[in-house]
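Structure below is entry.txt: compact mmCIF, C-alpha atoms.
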# COMPACT_ATOMS: atom_id res chain seq x y z
CA MET I 1 86.82 120.46 58.51
CA SER I 2 85.65 119.88 62.05
CA TYR I 3 87.17 117.20 64.23
CA THR I 4 84.01 115.06 64.17
CA GLU I 5 84.06 115.08 60.38
CA PHE I 6 87.72 114.12 60.51
CA LEU I 7 86.95 111.20 62.81
CA ALA I 8 84.01 110.07 60.68
CA GLU I 9 86.23 109.99 57.62
CA HIS I 10 89.50 108.66 59.02
CA GLY I 11 88.51 107.12 62.36
CA SER I 12 88.33 103.59 61.01
CA ARG I 13 91.91 103.79 59.74
CA LEU I 14 93.13 105.02 63.11
CA VAL I 15 91.29 102.13 64.79
CA SER I 16 92.73 99.52 62.44
CA GLY I 17 96.16 101.06 63.03
CA ALA I 18 95.63 100.87 66.78
CA VAL I 19 94.72 97.18 66.46
CA VAL I 20 97.97 96.48 64.59
CA THR I 21 99.88 98.43 67.26
CA ALA I 22 98.20 96.33 69.96
CA GLN I 23 99.11 93.11 68.11
CA GLN I 24 102.71 94.23 67.71
CA THR I 25 102.84 95.17 71.39
CA VAL I 26 101.48 91.84 72.62
CA LEU I 27 103.69 89.71 70.36
CA ALA I 28 106.79 91.80 71.10
CA ALA I 29 106.01 91.66 74.83
CA ILE I 30 105.80 87.85 74.81
CA LEU I 31 109.11 87.64 72.96
CA ALA I 32 110.72 90.23 75.24
CA VAL I 33 109.66 88.44 78.43
CA ALA I 34 110.92 85.09 77.12
CA ILE I 35 114.27 86.58 76.08
CA ALA I 36 114.57 88.55 79.32
CA VAL I 37 114.06 85.47 81.50
CA VAL I 38 116.48 83.32 79.50
CA MET I 39 119.16 86.02 79.19
CA GLY I 40 118.67 87.20 82.77
CA LEU I 41 119.25 83.66 84.08
CA MET I 42 122.17 83.08 81.70
CA ARG I 43 123.71 86.33 82.91
CA LEU I 44 123.83 84.83 86.43
CA SER I 45 125.20 81.46 85.33
CA GLY I 46 128.35 80.09 86.90
CA ASN I 47 129.59 79.05 83.46
CA GLY I 48 131.72 81.79 81.91
CA ALA I 49 130.76 81.02 78.31
CA VAL I 50 127.04 81.11 79.07
CA ARG I 51 127.42 84.34 81.02
CA GLY I 52 129.55 85.84 78.26
CA THR I 53 126.90 85.08 75.64
CA ALA I 54 124.26 86.82 77.71
CA VAL I 55 126.51 89.84 78.35
CA CYS I 56 127.23 90.17 74.61
CA TYR I 57 123.55 89.94 73.75
CA ILE I 58 122.53 92.49 76.36
CA GLU I 59 125.32 94.97 75.61
CA PHE I 60 124.77 94.70 71.87
CA PHE I 61 121.04 95.32 71.97
CA ARG I 62 121.28 98.03 74.60
CA GLY I 63 124.25 99.69 72.96
CA THR I 64 122.75 100.28 69.52
CA SER I 65 119.52 101.94 68.48
CA LEU I 66 116.32 100.02 67.97
CA LEU I 67 115.93 101.68 64.58
CA VAL I 68 119.35 100.40 63.49
CA GLN I 69 118.43 96.91 64.70
CA LEU I 70 115.09 97.05 62.95
CA TYR I 71 116.61 98.11 59.63
CA TRP I 72 119.33 95.54 60.01
CA ILE I 73 116.83 92.73 60.59
CA PHE I 74 114.59 93.90 57.75
CA PHE I 75 117.13 94.92 55.10
CA VAL I 76 120.32 93.01 55.91
CA LEU I 77 119.14 89.62 57.20
CA PRO I 78 117.65 88.74 53.78
CA LEU I 79 121.22 88.90 52.42
CA PHE I 80 122.01 85.99 54.73
CA GLY I 81 119.02 84.08 53.39
CA ILE I 82 116.70 84.88 56.32
CA THR I 83 113.75 86.86 55.01
CA LEU I 84 111.21 87.98 57.56
CA GLU I 85 107.91 89.46 56.61
CA LYS I 86 107.64 93.11 57.70
CA PHE I 87 105.09 92.40 60.42
CA THR I 88 107.30 89.65 61.86
CA ALA I 89 110.48 91.69 61.49
CA GLY I 90 108.77 94.50 63.39
CA PHE I 91 107.82 92.68 66.54
CA VAL I 92 110.96 90.52 66.49
CA ALA I 93 113.18 93.62 66.51
CA VAL I 94 111.18 95.33 69.24
CA GLY I 95 111.00 92.14 71.30
CA MET I 96 114.72 91.43 71.02
CA ASN I 97 115.60 95.02 71.93
CA LEU I 98 113.32 95.28 74.95
CA GLY I 99 114.29 91.73 75.94
CA ALA I 100 117.83 92.97 76.53
CA TYR I 101 116.59 95.71 78.85
CA GLY I 102 114.29 93.18 80.51
CA ALA I 103 117.19 90.80 81.10
CA GLU I 104 118.82 93.40 83.32
CA VAL I 105 115.55 93.78 85.23
CA VAL I 106 115.31 90.00 85.71
CA ARG I 107 118.93 89.82 86.84
CA GLY I 108 118.48 92.66 89.32
CA ALA I 109 115.30 91.12 90.73
CA ILE I 110 116.87 87.68 91.19
CA GLN I 111 119.88 89.25 92.87
CA SER I 112 117.70 91.17 95.29
CA VAL I 113 115.95 88.08 96.63
CA PRO I 114 117.37 87.83 100.18
CA ARG I 115 120.42 85.62 100.55
CA GLY I 116 118.75 83.59 103.31
CA GLN I 117 116.27 82.20 100.80
CA TYR I 118 119.11 80.62 98.81
CA GLU I 119 120.65 79.22 101.97
CA ALA I 120 117.34 77.80 103.22
CA ALA I 121 116.71 76.13 99.86
CA LEU I 122 120.23 74.72 99.96
CA ALA I 123 119.71 73.45 103.52
CA LEU I 124 116.55 71.68 102.35
CA ASN I 125 118.69 69.92 99.74
CA MET I 126 116.79 71.32 96.77
CA SER I 127 118.35 70.94 93.35
CA PRO I 128 119.43 74.22 91.72
CA LEU I 129 116.51 73.95 89.28
CA THR I 130 113.89 73.42 91.99
CA ARG I 131 115.46 76.18 94.08
CA MET I 132 115.16 78.64 91.22
CA ARG I 133 111.71 77.49 90.13
CA ARG I 134 110.01 77.11 93.51
CA ILE I 135 111.80 79.56 95.80
CA ILE I 136 113.83 82.27 94.08
CA PHE I 137 112.01 83.06 90.87
CA PRO I 138 108.49 83.50 92.33
CA GLN I 139 109.88 86.04 94.80
CA ALA I 140 111.87 87.73 92.05
CA ILE I 141 108.70 88.14 89.97
CA LEU I 142 107.20 90.26 92.73
CA ILE I 143 110.27 92.52 92.72
CA MET I 144 110.50 92.83 88.93
CA LEU I 145 106.87 93.64 88.19
CA PRO I 146 107.01 97.44 88.75
CA PRO I 147 109.99 97.95 86.41
CA TRP I 148 108.29 95.68 83.86
CA GLY I 149 105.34 98.05 83.89
CA ASN I 150 107.64 100.84 82.73
CA LEU I 151 109.32 98.57 80.20
CA LEU I 152 105.99 97.61 78.65
CA ILE I 153 105.16 101.27 78.09
CA GLU I 154 108.60 101.68 76.49
CA LEU I 155 107.74 98.66 74.35
CA LEU I 156 104.43 100.12 73.24
CA LYS I 157 106.24 103.31 72.24
CA ALA I 158 108.97 101.35 70.50
CA THR I 159 106.43 99.63 68.24
CA ALA I 160 105.80 103.01 66.59
CA LEU I 161 109.12 102.50 64.78
CA VAL I 162 107.77 99.53 62.82
CA ALA I 163 105.84 102.11 60.77
CA LEU I 164 109.20 102.94 59.17
CA ILE I 165 109.32 99.50 57.55
CA SER I 166 105.68 100.06 56.41
CA VAL I 167 103.87 97.92 58.94
CA SER I 168 100.46 99.60 58.95
CA ASP I 169 100.30 100.40 62.66
CA LEU I 170 98.87 103.49 64.31
CA MET I 171 101.95 105.60 63.56
CA PHE I 172 101.86 104.54 59.90
CA GLU I 173 98.16 105.33 59.51
CA ALA I 174 98.61 108.74 61.13
CA LYS I 175 101.43 109.46 58.71
CA GLN I 176 99.32 108.35 55.74
CA ILE I 177 96.34 110.46 56.81
CA ASN I 178 98.64 113.43 57.29
CA GLY I 179 100.11 112.86 53.85
CA SER I 180 96.75 112.85 52.10
CA THR I 181 94.91 115.54 54.09
CA PHE I 182 97.64 117.77 55.61
CA LEU I 183 95.55 117.87 58.78
CA SER I 184 98.61 117.35 60.96
CA ILE I 185 97.17 118.29 64.34
CA GLU I 186 94.17 116.05 63.87
CA ALA I 187 96.12 113.09 62.46
CA PHE I 188 99.14 113.12 64.77
CA GLY I 189 97.19 114.51 67.72
CA SER I 190 94.66 111.68 67.60
CA ALA I 191 97.46 109.13 67.37
CA LEU I 192 99.21 110.74 70.37
CA ILE I 193 96.00 110.49 72.38
CA ILE I 194 95.42 106.86 71.39
CA TYR I 195 98.95 105.91 72.43
CA TYR I 196 98.48 107.78 75.69
CA VAL I 197 95.21 106.01 76.41
CA MET I 198 96.73 102.63 75.62
CA ALA I 199 99.62 103.28 78.01
CA ARG I 200 97.84 105.01 80.88
CA LEU I 201 94.42 103.39 80.83
CA PHE I 202 95.43 99.96 79.70
CA ILE I 203 99.03 98.93 80.41
CA SER I 204 99.51 100.74 83.74
CA PRO I 205 96.26 99.56 85.39
CA SER I 206 96.65 95.97 84.20
CA MET I 207 100.22 95.84 85.51
CA ARG I 208 99.05 97.21 88.87
CA TRP I 209 96.31 94.58 88.93
CA PHE I 210 98.88 91.90 88.14
CA GLU I 211 101.11 93.19 90.95
CA ARG I 212 98.23 92.88 93.42
CA VAL I 213 97.39 89.35 92.24
CA MET I 214 101.00 88.24 92.57
CA ALA I 215 101.36 89.85 95.99
CA ARG I 216 98.25 88.01 97.17
CA LYS I 217 99.53 84.72 95.79
CA MET I 218 102.77 85.21 97.68
CA GLY I 219 100.85 85.99 100.85
CA ARG I 220 102.08 89.57 100.98
CA ALA I 221 98.90 91.46 100.23
CA MET G 1 124.32 86.64 49.47
CA PHE G 2 126.84 87.53 52.07
CA ASP G 3 129.70 89.43 50.52
CA TRP G 4 131.33 92.05 52.68
CA ARG G 5 133.31 94.51 50.56
CA TRP G 6 136.09 96.34 52.34
CA ASP G 7 136.72 98.73 49.44
CA PHE G 8 133.10 99.84 49.71
CA VAL G 9 133.54 100.28 53.46
CA ILE G 10 136.54 102.54 52.88
CA GLU G 11 134.60 104.47 50.27
CA ILE G 12 131.60 105.22 52.49
CA MET G 13 133.48 105.67 55.77
CA PRO G 14 134.19 109.42 55.36
CA ARG G 15 130.51 110.21 54.81
CA LEU G 16 129.46 108.06 57.75
CA LEU G 17 132.01 109.71 60.01
CA TRP G 18 130.78 113.16 59.02
CA ALA G 19 127.26 112.03 59.78
CA THR G 20 128.46 110.75 63.15
CA LEU G 21 129.45 114.33 63.98
CA ASN G 22 125.89 115.42 63.17
CA THR G 23 124.51 112.64 65.35
CA LEU G 24 126.74 113.70 68.23
CA MET G 25 125.75 117.32 67.74
CA ALA G 26 122.05 116.42 67.70
CA ALA G 27 122.47 114.38 70.89
CA GLY G 28 124.41 117.21 72.53
CA ILE G 29 121.97 119.99 71.66
CA GLY G 30 118.96 117.83 72.51
CA TYR G 31 120.49 116.90 75.85
CA GLY G 32 121.28 120.52 76.63
CA ILE G 33 117.66 121.51 76.01
CA ALA G 34 116.44 118.53 78.03
CA LEU G 35 118.70 119.33 81.01
CA VAL G 36 117.35 122.88 81.34
CA LEU G 37 113.73 122.17 80.43
CA GLY G 38 113.68 119.10 82.67
CA LEU G 39 114.63 121.28 85.63
CA VAL G 40 111.82 123.68 84.71
CA PHE G 41 109.34 120.78 84.60
CA ALA G 42 110.60 119.42 87.93
CA LEU G 43 110.50 122.79 89.72
CA ALA G 44 107.10 123.67 88.24
CA GLN G 45 105.72 120.64 90.04
CA ARG G 46 106.94 122.00 93.37
CA THR G 47 105.28 125.40 93.36
CA PRO G 48 102.36 126.13 95.67
CA TYR G 49 100.04 126.45 92.66
CA ARG G 50 98.10 123.21 92.55
CA ALA G 51 96.76 123.74 89.00
CA LEU G 52 100.25 124.29 87.59
CA THR G 53 101.48 121.13 89.30
CA LEU G 54 98.64 119.08 87.84
CA ILE G 55 99.04 120.44 84.32
CA VAL G 56 102.80 119.91 84.25
CA ARG G 57 102.42 116.45 85.81
CA GLU G 58 99.93 115.40 83.12
CA LEU G 59 102.07 116.93 80.36
CA VAL G 60 105.10 114.98 81.56
CA GLU G 61 103.05 111.77 81.62
CA LEU G 62 101.72 112.46 78.13
CA ILE G 63 105.18 113.04 76.73
CA ARG G 64 106.60 110.00 78.52
CA SER G 65 103.95 107.57 77.34
CA THR G 66 103.81 108.46 73.65
CA PRO G 67 106.38 107.52 71.00
CA LEU G 68 109.19 109.93 70.20
CA VAL G 69 108.84 109.40 66.41
CA LEU G 70 105.26 110.51 66.61
CA GLN G 71 106.28 113.61 68.57
CA ILE G 72 108.96 114.40 65.99
CA PHE G 73 106.37 114.22 63.21
CA PHE G 74 103.93 116.24 65.28
CA VAL G 75 106.35 119.11 65.85
CA PHE G 76 107.56 119.05 62.26
CA PHE G 77 104.15 119.05 60.59
CA VAL G 78 102.01 121.06 62.98
CA GLY G 79 103.97 124.30 62.61
CA PRO G 80 103.23 124.76 58.87
CA GLN G 81 99.50 124.34 59.56
CA PHE G 82 99.76 127.65 61.45
CA GLY G 83 102.18 129.16 58.96
CA ILE G 84 105.29 128.54 61.08
CA ARG G 85 107.90 126.66 59.12
CA LEU G 86 110.46 124.89 61.25
CA SER G 87 113.55 123.32 59.72
CA PRO G 88 114.08 119.59 60.33
CA TRP G 89 116.91 120.40 62.72
CA THR G 90 114.88 122.86 64.77
CA SER G 91 111.81 120.68 65.06
CA GLY G 92 113.92 117.60 65.73
CA MET G 93 115.74 119.35 68.56
CA ILE G 94 112.48 120.67 70.03
CA ALA G 95 110.89 117.20 69.94
CA ILE G 96 113.83 115.26 71.31
CA GLY G 97 114.59 117.98 73.88
CA LEU G 98 111.00 117.99 75.14
CA HIS G 99 110.83 114.21 75.23
CA TYR G 100 113.95 113.82 77.32
CA ALA G 101 113.07 116.84 79.45
CA ALA G 102 110.04 114.87 80.62
CA TYR G 103 112.26 111.92 81.53
CA LEU G 104 114.89 114.10 83.20
CA SER G 105 112.26 115.94 85.23
CA GLU G 106 111.42 112.59 86.84
CA VAL G 107 115.11 112.03 87.58
CA TYR G 108 115.39 115.49 89.15
CA ARG G 109 112.22 114.92 91.11
CA GLY G 110 113.64 111.72 92.57
CA GLY G 111 116.86 113.55 93.44
CA LEU G 112 115.04 116.46 95.06
CA GLU G 113 112.89 114.11 97.10
CA ALA G 114 116.01 112.30 98.31
CA VAL G 115 117.30 115.45 100.04
CA PRO G 116 116.59 115.07 103.78
CA LYS G 117 113.75 117.15 105.14
CA GLY G 118 116.04 118.72 107.75
CA GLN G 119 117.86 120.58 104.97
CA TRP G 120 114.65 122.33 103.95
CA GLU G 121 113.87 123.19 107.55
CA ALA G 122 117.38 124.56 108.10
CA CYS G 123 116.96 126.83 105.03
CA ARG G 124 113.65 127.95 106.42
CA ALA G 125 115.19 128.64 109.83
CA LEU G 126 118.00 130.67 108.22
CA ASN G 127 115.38 132.63 106.27
CA LEU G 128 117.01 131.89 102.90
CA SER G 129 115.13 132.96 99.79
CA ALA G 130 113.60 130.25 97.59
CA ARG G 131 116.32 130.85 95.03
CA ARG G 132 119.17 130.46 97.50
CA THR G 133 117.46 127.45 99.07
CA TYR G 134 117.33 125.66 95.71
CA PHE G 135 120.54 126.76 94.06
CA GLY G 136 122.71 127.00 97.17
CA ILE G 137 121.53 124.12 99.31
CA ILE G 138 119.09 121.68 97.75
CA ILE G 139 120.19 121.22 94.12
CA PRO G 140 123.88 120.60 94.94
CA GLN G 141 122.77 117.80 97.25
CA ALA G 142 120.15 116.45 94.84
CA LEU G 143 122.63 116.28 91.98
CA PRO G 144 124.64 113.20 93.04
CA ALA G 145 121.44 111.19 93.47
CA SER G 146 120.30 112.30 90.01
CA LEU G 147 123.58 111.60 88.21
CA PRO G 148 123.04 107.90 87.32
CA GLY G 149 119.66 108.67 85.77
CA MET G 150 121.04 111.68 83.93
CA GLY G 151 123.86 109.56 82.53
CA ASN G 152 121.46 106.86 81.34
CA TYR G 153 119.43 109.40 79.44
CA LEU G 154 122.51 110.92 77.83
CA VAL G 155 123.20 107.52 76.28
CA GLY G 156 119.47 107.14 75.63
CA ILE G 157 119.19 110.39 73.70
CA PHE G 158 122.21 109.42 71.62
CA LYS G 159 120.55 106.14 70.69
CA ASP G 160 117.28 107.87 69.82
CA THR G 161 118.83 110.34 67.36
CA PRO G 162 118.34 107.91 64.40
CA MET G 163 114.64 108.72 64.68
CA LEU G 164 115.46 112.24 63.48
CA SER G 165 116.17 110.69 60.07
CA VAL G 166 112.41 110.44 59.49
CA ILE G 167 112.13 114.18 58.96
CA GLY G 168 115.40 114.39 57.06
CA VAL G 169 118.00 115.42 59.61
CA ALA G 170 121.25 114.31 57.99
CA GLU G 171 122.49 112.16 60.87
CA LEU G 172 123.97 108.64 60.73
CA MET G 173 120.84 106.67 59.94
CA HIS G 174 119.76 109.13 57.27
CA THR G 175 123.17 108.93 55.62
CA ALA G 176 123.13 105.12 55.78
CA ASN G 177 119.69 105.12 54.13
CA ALA G 178 120.94 107.46 51.43
CA LEU G 179 124.04 105.35 50.82
CA GLY G 180 121.88 102.24 50.67
CA SER G 181 119.53 103.64 48.09
CA GLU G 182 122.35 105.13 46.00
CA THR G 183 124.32 101.90 45.78
CA TYR G 184 121.74 99.19 46.53
CA ARG G 185 124.09 97.89 49.19
CA PHE G 186 122.58 97.82 52.65
CA LEU G 187 124.84 95.34 54.42
CA GLU G 188 127.83 97.63 54.97
CA PRO G 189 126.09 100.95 55.75
CA TYR G 190 123.66 99.51 58.32
CA THR G 191 126.26 97.26 59.89
CA LEU G 192 128.72 100.14 60.19
CA VAL G 193 126.06 102.33 61.78
CA GLY G 194 125.52 99.62 64.38
CA VAL G 195 129.26 99.35 65.00
CA ILE G 196 129.66 103.13 65.31
CA PHE G 197 126.82 103.26 67.82
CA LEU G 198 128.36 100.47 69.90
CA MET G 199 131.79 102.09 69.78
CA ILE G 200 130.39 105.33 71.14
CA SER G 201 127.72 104.18 73.56
CA LEU G 202 129.65 101.44 75.39
CA PRO G 203 132.68 103.61 76.32
CA THR G 204 130.36 106.52 77.18
CA ALA G 205 128.36 104.34 79.54
CA ALA G 206 131.56 103.09 81.16
CA GLY G 207 132.93 106.62 81.41
CA LEU G 208 129.73 107.89 83.01
CA ARG G 209 129.91 105.17 85.64
CA SER G 210 133.40 106.19 86.68
CA PHE G 211 132.39 109.86 86.59
CA GLU G 212 129.56 109.11 89.04
CA ALA G 213 131.97 107.27 91.31
CA TRP G 214 134.35 110.24 91.14
CA VAL G 215 131.60 112.74 92.00
CA ARG G 216 130.44 110.63 94.91
CA GLN G 217 133.97 110.33 96.19
CA SER G 218 134.81 114.00 95.83
CA LEU G 219 131.62 114.92 97.69
CA GLY G 220 132.51 112.49 100.46
CA MET G 221 129.54 110.27 99.69
CA THR G 222 131.37 106.96 99.29
CA LYS G 223 129.12 104.03 99.86
What's the structure tokens form of this structure?
Amino acid sequence: MSYTEFLAEHGSRLVSGAVVTAQQTVLAAILAVAIAVVMGLMRLSGNGAVRGTAVCYIEFFRGTSLLVQLYWIFFVLPLFGITLEKFTAGFVAVGMNLGAYGAEVVRGAIQSVPRGQYEAALALNMSPLTRMRRIIFPQAILIMLPPWGNLLIELLKATALVALISVSDLMFEAKQINGSTFLSIEAFGSALIIYYVMARLFISPSMRWFERVMARKMGRA
Amino acid sequence: MFDWRWDFVIEIMPRLLWATLNTLMAAGIGYGIALVLGLVFALAQRTPYRALTLIVRELVELIRSTPLVLQIFFVFFVGPQFGIRLSPWTSGMIAIGLHYAAYLSEVYRGGLEAVPKGQWEACRALNLSARRTYFGIIIPQALPASLPGMGNYLVGIFKDTPMLSVIGVAELMHTANALGSETYRFLEPYTLVGVIFLMISLPTAAGLRSFEAWVRQSLGMTK
């Protein structure tokens, strides 16, 4: 069977899988950014209990495997009465895992905003909230964007694991096609290429565009 | 509902601990392959042959931006299509080794680029061969700068070994799955796997940090 015939027969499944992967990526990314900002700020709190909570969260999710977390959320949480649908369980696990890595990025970025900026905001008698919101955080965003670009590619790759709880994403469809046709190179090769295109031609350029926009907004273009 | 059974924990612990050994072995072998192959990838991008540089660069990018599970499946299933049968262990080690080699090559590259230009010029002036330049002068200096990244990926490879369960490598996750489907109890196996991972990865990460500090100190590079 030629590759064009393969695509004619199975292309639509690969596309629908890619759409599910894109959905998982976007939802997980939103969750990861939200968790990263909250945990990153909590990690820098003056209150020991708040900081401790963030440290526990970050160390737990960075210390164990995503696959373990995913299985735990999908198979064990129902025993506690919390049943998530597989699609939800998938992006929640990926989002929570990458959120922990993101929290360290947020923390690092906030800490690398020059000290003088804090002092100036203090001298202007800004409240801690205003200082963070108007002065520190916008500058931190500029610093954290490049590492977030890498993290988002990691996140896209991580969503492939949701196939293991039968979410019908790109990985899952490739596996199914391989199972029914035994055309492994075509099935897995096409999926590899689609992932590559999503990462290199979609995530990387849009993050670079976002970096430029932010730099212009901050008057640093 | 929530009922944690300690007797069940004691019953499954021996099997999980055996599987932990397999996990550690998989991480160790995979890391060994990645360390060597990563250096090959990094050095191949520094040869005068432009085409080789471009091909290796693109290969590294391809490996880095596609999921490891997919690569594991790819290696495992593509061989038989050409009549080469690879065991789960072999294909798993090839996939995970290649994947992390791509990451480590970037770490090495960063380290090599951090070596001051004067060092290269001095090697040139002393007419050292390329081999002596790299192995005698450049790599020993590039190593300390690469250590933190190398350490991170050692922990990273350890945490990615559960993915090998998908092709049937009998590591921790695979054993937990098997225990779960034999007994219909998932709470203890999966929770214990999480705990075992934490108990290994947190001390390892801490140990690596002090190892880096020690290397920096013994090379007189204290910050």
### Task
Can you check which residues of chain G have any atom within 8 Å of chain I? Use all atoms listed in the file and format it as an NGL selection string.
:G and (1-2 or 62 or 65-71 or 73-74 or 77-78 or 81 or 159-160 or 162-163 or 173 or 186-187 or 190-191 or 193-195 or 197-198 or 201-202)
### Message
I'd like to know which of G:Arg109, G:His174, G:Arg216, G:Arg64 is closest to Trp18 (chain G), using all atoms listed in the file.
### Response
G:His174
Would you mind listing what lies within 12 Å of region 131-138 of chain G as an mmCIF file with C-alpha atoms, in the coordinates of the input, with only C-alpha atoms counted and same-chain residues fewer than 5 positions away left out?
data_model
loop_
_atom_site.group_PDB
_atom_site.id
_atom_site.type_symbol
_atom_site.label_atom_id
_atom_site.label_comp_id
_atom_site.auth_asym_id
_atom_site.auth_seq_id
_atom_site.Cartn_x
_atom_site.Cartn_y
_atom_site.Cartn_z
ATOM 1 C CA LEU G 39 114.630 121.280 85.630
ATOM 2 C CA LEU G 43 110.500 122.790 89.720
ATOM 3 C CA ARG G 46 106.940 122.000 93.370
ATOM 4 C CA TYR G 108 115.390 115.490 89.150
ATOM 5 C CA ARG G 109 112.220 114.920 91.110
ATOM 6 C CA GLY G 111 116.860 113.550 93.440
ATOM 7 C CA LEU G 112 115.040 116.460 95.060
ATOM 8 C CA GLU G 113 112.890 114.110 97.100
ATOM 9 C CA ALA G 114 116.010 112.300 98.310
ATOM 10 C CA VAL G 115 117.300 115.450 100.040
ATOM 11 C CA PRO G 116 116.590 115.070 103.780
ATOM 12 C CA LYS G 117 113.750 117.150 105.140
ATOM 13 C CA GLY G 118 116.040 118.720 107.750
ATOM 14 C CA GLN G 119 117.860 120.580 104.970
ATOM 15 C CA TRP G 120 114.650 122.330 103.950
ATOM 16 C CA GLU G 121 113.870 123.190 107.550
ATOM 17 C CA ALA G 122 117.380 124.560 108.100
ATOM 18 C CA CYS G 123 116.960 126.830 105.030
ATOM 19 C CA ARG G 124 113.650 127.950 106.420
ATOM 20 C CA ALA G 125 115.190 128.640 109.830
ATOM 21 C CA LEU G 126 118.000 130.670 108.220
ATOM 22 C CA LEU G 143 122.630 116.280 91.980
ATOM 23 C CA PRO G 144 124.640 113.200 93.040
ATOM 24 C CA ALA G 145 121.440 111.190 93.470
#
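In this structure, CA of Gly40 (chain I) sits 5.3 Å away from CA of Val106 (chain I).
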Trp89 (chain G) surroundings by only C-alpha atoms, 12 Å radius, close-in-sequence under 5 positions cut, as a tab-separated table (two decimals) with C-alpha atoms, in the frame of the given file:
chain	number	residue	atom	x	y	z
G	22	ASN	CA	125.89	115.42	63.17
G	23	THR	CA	124.51	112.64	65.35
G	25	MET	CA	125.75	117.32	67.74
G	26	ALA	CA	122.05	116.42	67.70
G	27	ALA	CA	122.47	114.38	70.89
G	29	ILE	CA	121.97	119.99	71.66
G	30	GLY	CA	118.96	117.83	72.51
G	72	ILE	CA	108.96	114.40	65.99
G	75	VAL	CA	106.35	119.11	65.85
G	76	PHE	CA	107.56	119.05	62.26
G	94	ILE	CA	112.48	120.67	70.03
G	95	ALA	CA	110.89	117.20	69.94
G	96	ILE	CA	113.83	115.26	71.31
G	97	GLY	CA	114.59	117.98	73.88
G	161	THR	CA	118.83	110.34	67.36
G	164	LEU	CA	115.46	112.24	63.48
G	165	SER	CA	116.17	110.69	60.07
G	166	VAL	CA	112.41	110.44	59.49
G	167	ILE	CA	112.13	114.18	58.96
G	168	GLY	CA	115.40	114.39	57.06
G	169	VAL	CA	118.00	115.42	59.61
G	170	ALA	CA	121.25	114.31	57.99
G	171	GLU	CA	122.49	112.16	60.87
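Comparing the minimum interatomic distances between Val26 (chain I) and each of I:Val113, I:Ile141, I:Val94, I:Val105, counting all atoms listed in the file, we find that I:Val94 sits nearest.
The nearest approach to Leu98 (chain I) among the residues I:Ala32, I:Ala22, I:Ile177, I:Ile143, with all atoms listed in the file taken into account, belongs to I:Ala32.
Counting from CA of Ile35 (chain I), the distance to CA of Phe91 (chain I) is 13.0 Å.
Using only C-alpha atoms, the nearest neighbour of Lys217 (chain I) within the list I:Ile165, I:Pro138, I:Tyr3, I:Glu173 is I:Pro138.
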### Task
Around the point (119.4, 91.4, 89.7), in the coordinates given by the file, pick out the residues reaching within 10 Å, counting all atoms listed in the file, and return them as a VMD selection string.
chain I and resid 40 to 41 43 to 44 103 to 113 140 143 to 144
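Atom pair CA of Arg209 (chain G) / CA of Gly151 (chain G): separated by 8.1 Å.
Closest to Leu59 (chain G) among G:Ala102, G:Val36, G:Leu24, G:Pro80 is G:Ala102, based on all atoms listed in the file.
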## Note on the structure
Between G:Thr90, G:Ser146, G:Thr175, G:Asn152, smallest distance to Val215 (chain G) by all atoms listed in the file belongs to G:Ser146
Since fewer atoms than expected are present, regenerate N, CA and C atoms for region 152-161 of chain I and write them as a PDB file, in the coordinates of the input.
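The result, written out as result-v1.pdb:
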ATOM      1  N   LEU I 152     107.052  97.887  79.610  1.00  0.00           N
ATOM      2  CA  LEU I 152     105.990  97.610  78.650  1.00  0.00           C
ATOM      3  C   LEU I 152     105.515  98.894  77.980  1.00  0.00           C
ATOM      4  N   ILE I 153     105.526 100.004  78.727  1.00  0.00           N
ATOM      5  CA  ILE I 153     105.160 101.270  78.090  1.00  0.00           C
ATOM      6  C   ILE I 153     106.245 101.656  77.077  1.00  0.00           C
ATOM      7  N   GLU I 154     107.512 101.438  77.446  1.00  0.00           N
ATOM      8  CA  GLU I 154     108.600 101.680  76.490  1.00  0.00           C
ATOM      9  C   GLU I 154     108.392 100.828  75.239  1.00  0.00           C
ATOM     10  N   LEU I 155     107.943  99.586  75.472  1.00  0.00           N
ATOM     11  CA  LEU I 155     107.740  98.660  74.350  1.00  0.00           C
ATOM     12  C   LEU I 155     106.628  99.148  73.444  1.00  0.00           C
ATOM     13  N   LEU I 156     105.535  99.587  74.044  1.00  0.00           N
ATOM     14  CA  LEU I 156     104.430 100.120  73.240  1.00  0.00           C
ATOM     15  C   LEU I 156     104.937 101.271  72.374  1.00  0.00           C
ATOM     16  N   LYS I 157     105.712 102.175  72.989  1.00  0.00           N
ATOM     17  CA  LYS I 157     106.240 103.310  72.240  1.00  0.00           C
ATOM     18  C   LYS I 157     107.184 102.853  71.143  1.00  0.00           C
ATOM     19  N   ALA I 158     107.987 101.821  71.468  1.00  0.00           N
ATOM     20  CA  ALA I 158     108.970 101.350  70.500  1.00  0.00           C
ATOM     21  C   ALA I 158     108.285 100.778  69.257  1.00  0.00           C
ATOM     22  N   THR I 159     107.076 100.224  69.417  1.00  0.00           N
ATOM     23  CA  THR I 159     106.430  99.630  68.240  1.00  0.00           C
ATOM     24  C   THR I 159     106.093 100.683  67.195  1.00  0.00           C
ATOM     25  N   ALA I 160     106.083 101.973  67.580  1.00  0.00           N
ATOM     26  CA  ALA I 160     105.800 103.010  66.590  1.00  0.00           C
ATOM     27  C   ALA I 160     106.848 102.997  65.471  1.00  0.00           C
ATOM     28  N   LEU I 161     108.062 102.487  65.793  1.00  0.00           N
ATOM     29  CA  LEU I 161     109.120 102.500  64.780  1.00  0.00           C
ATOM     30  C   LEU I 161     108.844 101.519  63.639  1.00  0.00           C
TER      31      LEU I 161
END
